[in-house]
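Quick look at query-v1.txt (compact mmCIF, C-alpha atoms (C1' of nucleotides)):
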```txt
# COMPACT_ATOMS: atom_id res chain seq x y z
CA MET B 1407 -27.55 3.12 -15.53
CA ASP B 1408 -27.38 2.94 -19.29
CA ARG B 1409 -24.40 0.79 -20.15
CA GLY B 1410 -25.18 0.76 -23.84
CA LYS B 1411 -23.71 4.13 -24.65
CA HIS B 1412 -20.00 4.31 -25.18
CA PRO B 1413 -18.79 7.91 -25.16
CA ILE B 1414 -15.72 8.10 -27.35
CA THR B 1415 -14.69 11.41 -25.95
CA ALA B 1416 -15.68 12.97 -22.69
CA ASP B 1417 -16.16 16.60 -21.89
CA LEU B 1418 -13.94 17.02 -18.87
CA LEU B 1419 -15.51 20.36 -18.01
CA ASP B 1420 -18.94 18.75 -18.08
CA ILE B 1421 -17.74 16.05 -15.71
CA TYR B 1422 -16.27 18.72 -13.49
CA ASN B 1423 -19.51 20.67 -13.42
CA ARG B 1424 -21.45 17.54 -12.50
CA LEU B 1425 -19.10 16.84 -9.64
CA LEU B 1426 -19.18 20.42 -8.42
CA ALA B 1427 -22.96 20.47 -8.58
CA ALA B 1428 -23.13 17.21 -6.65
CA PHE B 1429 -20.60 17.99 -3.94
CA GLY B 1430 -19.88 21.72 -3.89
CA PRO B 1431 -16.45 23.22 -3.26
CA GLN B 1432 -14.12 20.99 -1.24
CA HIS B 1433 -11.88 23.75 0.14
CA TRP B 1434 -8.56 22.06 -0.53
CA TRP B 1435 -5.74 21.84 0.55
CA PRO B 1436 -6.90 21.42 4.17
CA SER B 1437 -3.89 23.13 5.78
CA GLU B 1438 -3.07 26.43 7.42
CA SER B 1439 0.18 27.21 5.64
CA ARG B 1440 2.27 26.39 2.60
CA LEU B 1441 4.75 24.53 4.78
CA GLU B 1442 1.98 22.44 6.28
CA MET B 1443 0.72 21.63 2.77
CA ILE B 1444 4.14 20.47 1.63
CA VAL B 1445 4.75 18.36 4.72
CA GLY B 1446 1.24 16.95 4.39
CA ALA B 1447 1.81 16.13 0.73
CA ILE B 1448 4.78 13.97 1.67
CA LEU B 1449 3.12 12.40 4.71
CA THR B 1450 -0.02 11.43 2.82
CA GLN B 1451 1.80 9.17 0.37
CA ASN B 1452 -0.26 5.97 0.34
CA THR B 1453 -1.76 6.97 3.67
CA ALA B 1454 -5.20 8.03 4.91
CA TRP B 1455 -5.40 11.76 5.57
CA LYS B 1456 -6.70 11.15 9.08
CA ASN B 1457 -3.36 9.63 10.06
CA VAL B 1458 -1.54 12.55 8.45
CA GLU B 1459 -3.57 15.00 10.52
CA LYS B 1460 -2.36 13.34 13.68
CA ALA B 1461 1.24 13.65 12.56
CA LEU B 1462 0.79 17.32 11.60
CA PHE B 1463 -0.80 17.98 14.96
CA ALA B 1464 2.16 16.29 16.66
CA LEU B 1465 4.59 18.48 14.72
CA LYS B 1466 2.68 21.60 15.79
CA SER B 1467 2.43 20.42 19.39
CA ASN B 1468 6.16 19.93 19.47
CA ASN B 1469 6.56 23.37 17.96
CA VAL B 1470 8.71 22.06 15.10
CA LEU B 1471 6.56 22.85 12.06
CA SER B 1472 8.97 25.46 10.72
CA PRO B 1473 11.68 25.18 8.07
CA GLU B 1474 14.42 25.90 10.62
CA SER B 1475 13.24 23.28 13.12
CA LEU B 1476 12.73 20.63 10.48
CA TYR B 1477 16.17 21.38 9.11
CA LYS B 1478 17.93 21.12 12.47
CA MET B 1479 16.00 18.22 13.94
CA PRO B 1480 17.60 14.75 13.91
CA GLN B 1481 15.91 12.46 11.43
CA SER B 1482 15.20 9.86 14.10
CA GLU B 1483 13.38 12.42 16.24
CA LEU B 1484 11.35 13.57 13.25
CA ALA B 1485 10.44 9.97 12.46
CA PHE B 1486 9.17 9.45 15.99
CA ILE B 1487 6.97 12.55 15.89
CA ILE B 1488 5.36 11.66 12.54
CA ARG B 1489 4.95 7.95 13.35
CA SER B 1490 1.15 8.05 13.20
CA SER B 1491 1.31 8.71 9.44
CA GLY B 1492 2.95 5.33 8.79
CA PHE B 1493 6.14 4.58 6.83
CA PHE B 1494 7.69 7.02 9.29
CA ASN B 1495 11.32 6.17 8.58
CA VAL B 1496 11.11 6.70 4.83
CA LYS B 1497 8.92 9.75 5.27
CA ALA B 1498 11.34 11.33 7.73
CA LEU B 1499 14.08 10.72 5.17
CA ARG B 1500 11.95 12.29 2.43
CA LEU B 1501 11.08 15.33 4.54
CA LYS B 1502 14.75 15.76 5.35
CA ALA B 1503 15.67 15.48 1.67
CA TRP B 1504 13.23 18.21 0.73
CA ILE B 1505 14.16 20.55 3.58
CA ALA B 1506 17.85 20.14 2.73
CA PHE B 1507 17.01 21.14 -0.83
CA LEU B 1508 15.06 24.15 0.44
CA PHE B 1509 18.06 25.37 2.41
CA ASP B 1510 20.69 24.47 -0.18
CA ALA B 1511 18.88 26.05 -3.12
CA TYR B 1512 16.67 28.74 -1.56
CA ASP B 1513 18.16 29.67 1.84
CA GLY B 1514 15.27 27.93 3.58
CA SER B 1515 12.79 30.39 2.08
CA LEU B 1516 9.48 29.22 0.62
CA ASP B 1517 9.02 32.64 -0.95
CA LYS B 1518 12.24 32.17 -2.87
CA MET B 1519 11.42 28.60 -3.85
CA PHE B 1520 8.02 29.60 -5.17
CA SER B 1521 9.40 32.59 -7.07
CA VAL B 1522 10.82 30.42 -9.85
CA SER B 1523 8.81 29.19 -12.83
CA GLY B 1524 6.59 26.14 -12.39
CA GLY B 1525 8.38 24.09 -15.01
CA SER B 1526 11.77 24.74 -13.49
CA LEU B 1527 10.62 24.08 -9.93
CA ARG B 1528 8.84 20.89 -10.99
CA GLU B 1529 12.03 19.61 -12.56
CA GLN B 1530 14.04 20.45 -9.45
CA LEU B 1531 11.59 18.88 -7.01
CA LEU B 1532 11.42 15.68 -9.05
CA THR B 1533 15.14 15.15 -8.54
CA ILE B 1534 14.61 14.87 -4.78
CA LYS B 1535 14.49 11.24 -3.70
CA GLY B 1536 11.04 10.43 -2.37
CA LEU B 1537 9.21 13.16 -4.25
CA GLY B 1538 7.42 11.61 -7.22
CA PRO B 1539 5.10 13.31 -9.70
CA GLU B 1540 1.96 13.27 -7.56
CA THR B 1541 3.67 14.70 -4.50
CA VAL B 1542 5.45 17.33 -6.58
CA ASP B 1543 2.32 18.38 -8.45
CA SER B 1544 0.40 18.61 -5.17
CA ILE B 1545 3.08 20.92 -3.85
CA LEU B 1546 3.08 22.98 -7.04
CA LEU B 1547 -0.69 23.29 -7.29
CA TYR B 1548 -1.80 23.63 -3.70
CA ALA B 1549 1.14 25.33 -2.01
CA GLY B 1550 2.64 27.15 -5.00
CA GLN B 1551 -0.50 28.00 -7.00
CA TYR B 1552 1.01 26.74 -10.25
CA PRO B 1553 -1.44 25.19 -12.76
CA TYR B 1554 -0.42 21.51 -12.66
CA PHE B 1555 -3.15 18.88 -12.62
CA VAL B 1556 -2.66 16.35 -9.83
CA VAL B 1557 -3.14 12.71 -10.82
CA ASP B 1558 -3.69 10.09 -8.16
CA ALA B 1559 -4.80 6.48 -7.89
CA TYR B 1560 -8.45 7.56 -7.73
CA THR B 1561 -8.16 9.54 -10.97
CA ARG B 1562 -6.70 6.53 -12.75
CA ARG B 1563 -9.27 4.13 -11.36
CA ILE B 1564 -12.35 6.18 -12.04
CA PHE B 1565 -11.42 7.40 -15.50
CA SER B 1566 -10.05 4.07 -16.68
CA ARG B 1567 -13.06 2.14 -15.40
CA HIS B 1568 -15.26 4.54 -17.35
CA ASN B 1569 -13.10 3.74 -20.38
CA LEU B 1570 -11.76 7.26 -20.73
CA LEU B 1571 -8.18 6.28 -19.95
CA ASP B 1572 -6.01 3.20 -20.07
CA SER B 1573 -5.40 2.06 -16.50
CA LYS B 1574 -1.76 1.35 -17.37
CA SER B 1575 -1.06 4.85 -18.68
CA PRO B 1576 1.97 6.45 -17.08
CA TYR B 1577 1.49 9.48 -14.84
CA GLN B 1578 2.56 12.00 -17.44
CA THR B 1579 0.13 10.63 -20.03
CA VAL B 1580 -2.79 10.98 -17.64
CA GLN B 1581 -1.76 14.46 -16.61
CA ASN B 1582 -1.44 15.49 -20.25
CA TYR B 1583 -4.91 14.09 -20.95
CA PHE B 1584 -6.39 16.53 -18.45
CA MET B 1585 -4.15 19.49 -19.12
CA GLU B 1586 -4.66 19.32 -22.88
CA ARG B 1587 -8.43 19.37 -22.43
CA LEU B 1588 -8.78 21.94 -19.67
CA PRO B 1589 -7.73 25.57 -19.36
CA ALA B 1590 -4.60 26.08 -17.24
CA ASP B 1591 -6.52 27.34 -14.23
CA VAL B 1592 -5.24 26.87 -10.69
CA GLN B 1593 -8.65 27.03 -9.06
CA LEU B 1594 -10.13 24.57 -11.58
CA TYR B 1595 -7.32 22.05 -11.09
CA ASN B 1596 -7.49 22.50 -7.34
CA GLU B 1597 -11.21 21.80 -7.17
CA TYR B 1598 -11.23 19.06 -9.80
CA HIS B 1599 -8.70 16.90 -8.01
CA ALA B 1600 -10.44 17.42 -4.67
CA LEU B 1601 -13.78 16.48 -6.22
CA ILE B 1602 -12.34 13.27 -7.69
CA VAL B 1603 -11.10 12.28 -4.24
CA ARG B 1604 -14.50 13.11 -2.76
CA LEU B 1605 -16.28 11.08 -5.44
CA ALA B 1606 -14.02 8.08 -4.91
CA LYS B 1607 -14.46 8.08 -1.16
CA GLN B 1608 -18.21 8.45 -1.26
CA PHE B 1609 -19.32 6.45 -4.30
CA CYS B 1610 -16.66 4.11 -5.60
CA LYS B 1611 -16.25 1.41 -2.99
CA THR B 1612 -19.31 -0.77 -3.45
CA THR B 1613 -21.72 -1.56 -6.25
CA ALA B 1614 -24.58 -0.01 -4.29
CA GLU B 1615 -22.73 3.28 -3.94
CA CYS B 1616 -21.57 3.17 -7.54
CA GLU B 1617 -25.15 3.00 -8.82
CA LYS B 1618 -25.74 6.46 -7.33
CA CYS B 1619 -22.55 7.95 -8.80
CA PRO B 1620 -23.01 11.49 -10.21
CA LEU B 1621 -21.12 10.28 -13.29
CA ASN B 1622 -23.51 7.41 -13.96
CA TYR B 1623 -24.20 8.60 -17.47
CA LEU B 1624 -20.90 6.94 -18.29
CA PHE B 1625 -20.39 3.21 -18.31
CA LEU B 1626 -18.16 0.80 -16.47
CA SER B 1627 -15.75 -1.47 -18.26
CA ASN B 1628 -13.29 -4.29 -17.67
CA GLY B 1629 -15.80 -6.36 -15.77
CA GLN B 1630 -15.64 -4.03 -12.81
CA ASN B 1631 -18.91 -3.44 -11.08
CA SER B 1632 -17.78 -0.40 -9.15
CA CYS B 1633 -14.94 2.12 -9.18
C1' DG W 303 -8.24 -10.16 11.51
C1' DA W 304 -8.17 -8.92 6.85
C1' DC W 305 -8.07 -4.99 3.97
C1' DC W 306 -7.25 -0.36 2.64
C1' DA W 307 -5.27 4.40 2.55
C1' DG W 308 -4.66 11.34 -1.52
C1' DG W 309 3.28 6.95 -3.40
C1' DC W 310 7.79 6.03 -4.24
C1' DA W 311 12.22 3.66 -4.88
C1' DC W 312 14.44 -0.33 -5.77
C1' DA W 313 15.22 -5.32 -7.12
C1' DT W 314 14.48 -8.71 -10.32
C1' DC W 315 13.12 -10.88 -14.44
C1' DG E 1356 9.86 -2.10 -19.78
C1' DA E 1357 6.83 -4.68 -16.84
C1' DT E 1358 5.99 -6.62 -12.43
C1' DG E 1359 6.79 -7.39 -7.40
C1' DT E 1360 8.10 -5.81 -2.81
C1' DG E 1361 9.27 -2.99 1.37
C1' DC E 1362 7.87 0.73 3.96
C1' DA E 1363 3.92 0.94 8.98
C1' DT E 1364 0.17 3.18 11.26
C1' DG E 1365 -4.75 3.49 12.21
C1' DG E 1366 -9.64 3.17 10.60
C1' DT E 1367 -13.42 0.15 8.86
```

Is it possible to express this structure as structure tokens?
Amino acid sequence: MDRGKHPITADLLDIYNRLLAAFGPQHWWPSESRLEMIVGAILTQNTAWKNVEKALFALKSNNVLSPESLYKMPQSELAFIIRSSGFFNVKALRLKAWIAFLFDAYDGSLDKMFSVSGGSLREQLLTIKGLGPETVDSILLYAGQYPYFVVDAYTRRIFSRHNLLDSKSPYQTVQNYFMERLPADVQLYNEYHALIVRLAKQFCKTTAECEKCPLNYLFLSNGQNSC
DNA sequence: GACCAGGCACATC
DNA sequence: GATGTGCATGGT
């Protein structure tokens, strides 16, 4: 790897094309319905997807993965069913907060909720306790098909360690960085985020993996020897 | 047995 | 405004 070159600006589309060439389409979000995507987005907060899958399976097995069931079910029962996803008490509370919003504002209808403009819906969802910017943008992009770039810990780590971003940048700054440099395209944002996650999981844990990173034309900074 | 995982809210300084 | 902590399971 050539660590002598310091790109001052990066072509985010070029990075995207390298990732896509290396990994191919990732087919996100891995869910069968919009409701499952939204529930999954909340359950996966700081949690491995494998554990979320178990919780989603449990919800389906108990036949309660519907807006009506989630709305009626006692929070304690919901917490028990989703326990494999960790933080089950707070997550049950967060699911309940969102489903209450869905019924209060949109009669329990996802079609109605997703009929409003992205900016308006984003603002509304962010007022719900437990739904932060990443969860909300995941819901907007993957379930609602609105063009909002999803920023996660991997995005921050990889792009800051390649000196393209400041690791301390707030969420909105990072999102703006991408959205100002890329066309507002749902499919592009969908695939880009998924590819970043794929890259991080496969190449960013050890130095040996890092050396084979498809982005190795960039350089690492801050004394880090991997992403 | 540590350490981490597709965050977020809240307390404290 | 920055930094620290609780929340909890399951995989490596």

Residue list for chain B near chain E as a list of chain:residue names, 6 Å, only C-alpha atoms (C1' of nucleotides): B:Ser1490, B:Ser1491, B:Gly1492, B:Phe1493

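Distance-wise, atom CA of B:Gln1432 and atom CA of B:Arg1604 end up 8.0 Å apart.
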
Atomic distance atom CA of B:Trp1434 - atom CA of B:Thr1450, expressed in Å with one decimal: 14.0 Å

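You will find atom CA of B:Ala1485 at 27.4 Å from atom CA of B:Val1603.
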
Within 12 Å of chain B, which residues of chain W show up when using all atoms listed in the file, listed as a tab-separated table (two decimals) with C-alpha atoms (C1' of nucleotides), in the coordinates of the input?
```tsv
chain	number	residue	atom	x	y	z
W	306	DC	C1'	-7.25	-0.36	2.64
W	307	DA	C1'	-5.27	4.40	2.55
W	308	DG	C1'	-4.66	11.34	-1.52
W	309	DG	C1'	3.28	6.95	-3.40
W	310	DC	C1'	7.79	6.03	-4.24
W	311	DA	C1'	12.22	3.66	-4.88
W	312	DC	C1'	14.44	-0.33	-5.77
```

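Nearest residue to B:Ile1534, choosing from B:Leu1594, B:Ala1461, B:Val1470, B:Ala1503 and counting all atoms listed in the file: B:Ala1503.
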
Selected residue of minimal separation from B:Ser1439 among B:Met1479, B:Lys1502, B:Ala1549, B:Thr1613, counting only C-alpha atoms: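 Of B:Met1479, B:Lys1502, B:Ala1549, B:Thr1613, the one nearest B:Ser1439, counting only C-alpha atoms, is B:Ala1549.
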
Can you fill out stretch 1479-1494 of chain B with N, CA and C atoms and hand it back as a PDB file, in the coordinates of the input?
```pdb
ATOM      1  N   MET B1479      16.395  19.394  13.161  1.00  0.00           N
ATOM      2  CA  MET B1479      16.000  18.220  13.940  1.00  0.00           C
ATOM      3  C   MET B1479      16.636  16.929  13.428  1.00  0.00           C
ATOM      4  N   PRO B1480      17.094  16.063  14.326  1.00  0.00           N
ATOM      5  CA  PRO B1480      17.600  14.750  13.910  1.00  0.00           C
ATOM      6  C   PRO B1480      16.497  13.967  13.220  1.00  0.00           C
ATOM      7  N   GLN B1481      16.887  13.231  12.204  1.00  0.00           N
ATOM      8  CA  GLN B1481      15.910  12.460  11.430  1.00  0.00           C
ATOM      9  C   GLN B1481      15.149  11.466  12.296  1.00  0.00           C
ATOM     10  N   SER B1482      15.840  10.870  13.239  1.00  0.00           N
ATOM     11  CA  SER B1482      15.200   9.860  14.100  1.00  0.00           C
ATOM     12  C   SER B1482      14.114  10.501  14.966  1.00  0.00           C
ATOM     13  N   GLU B1483      14.366  11.725  15.414  1.00  0.00           N
ATOM     14  CA  GLU B1483      13.380  12.420  16.240  1.00  0.00           C
ATOM     15  C   GLU B1483      12.162  12.784  15.386  1.00  0.00           C
ATOM     16  N   LEU B1484      12.431  13.237  14.176  1.00  0.00           N
ATOM     17  CA  LEU B1484      11.350  13.570  13.250  1.00  0.00           C
ATOM     18  C   LEU B1484      10.498  12.330  12.969  1.00  0.00           C
ATOM     19  N   ALA B1485      11.158  11.215  12.736  1.00  0.00           N
ATOM     20  CA  ALA B1485      10.440   9.970  12.460  1.00  0.00           C
ATOM     21  C   ALA B1485       9.509   9.602  13.603  1.00  0.00           C
ATOM     22  N   PHE B1486       9.989   9.793  14.826  1.00  0.00           N
ATOM     23  CA  PHE B1486       9.170   9.450  15.990  1.00  0.00           C
ATOM     24  C   PHE B1486       7.923  10.333  16.054  1.00  0.00           C
ATOM     25  N   ILE B1487       8.092  11.612  15.794  1.00  0.00           N
ATOM     26  CA  ILE B1487       6.970  12.550  15.890  1.00  0.00           C
ATOM     27  C   ILE B1487       5.904  12.264  14.835  1.00  0.00           C
ATOM     28  N   ILE B1488       6.326  11.865  13.637  1.00  0.00           N
ATOM     29  CA  ILE B1488       5.360  11.660  12.540  1.00  0.00           C
ATOM     30  C   ILE B1488       4.903  10.205  12.450  1.00  0.00           C
ATOM     31  N   ARG B1489       5.185   9.396  13.458  1.00  0.00           N
ATOM     32  CA  ARG B1489       4.950   7.950  13.350  1.00  0.00           C
ATOM     33  C   ARG B1489       3.508   7.583  13.014  1.00  0.00           C
ATOM     34  N   SER B1490       2.548   8.419  13.443  1.00  0.00           N
ATOM     35  CA  SER B1490       1.150   8.050  13.200  1.00  0.00           C
ATOM     36  C   SER B1490       0.798   8.062  11.709  1.00  0.00           C
ATOM     37  N   SER B1491       1.626   8.672  10.875  1.00  0.00           N
ATOM     38  CA  SER B1491       1.310   8.710   9.440  1.00  0.00           C
ATOM     39  C   SER B1491       1.847   7.482   8.710  1.00  0.00           C
ATOM     40  N   GLY B1492       2.465   6.546   9.439  1.00  0.00           N
ATOM     41  CA  GLY B1492       2.950   5.330   8.790  1.00  0.00           C
ATOM     42  C   GLY B1492       4.209   5.557   7.967  1.00  0.00           C
ATOM     43  N   PHE B1493       4.884   4.478   7.603  1.00  0.00           N
ATOM     44  CA  PHE B1493       6.140   4.580   6.830  1.00  0.00           C
ATOM     45  C   PHE B1493       7.022   5.690   7.376  1.00  0.00           C
ATOM     46  N   PHE B1494       7.088   5.819   8.709  1.00  0.00           N
ATOM     47  CA  PHE B1494       7.690   7.020   9.290  1.00  0.00           C
ATOM     48  C   PHE B1494       9.179   7.161   9.006  1.00  0.00           C
TER      49      PHE B1494
END
```
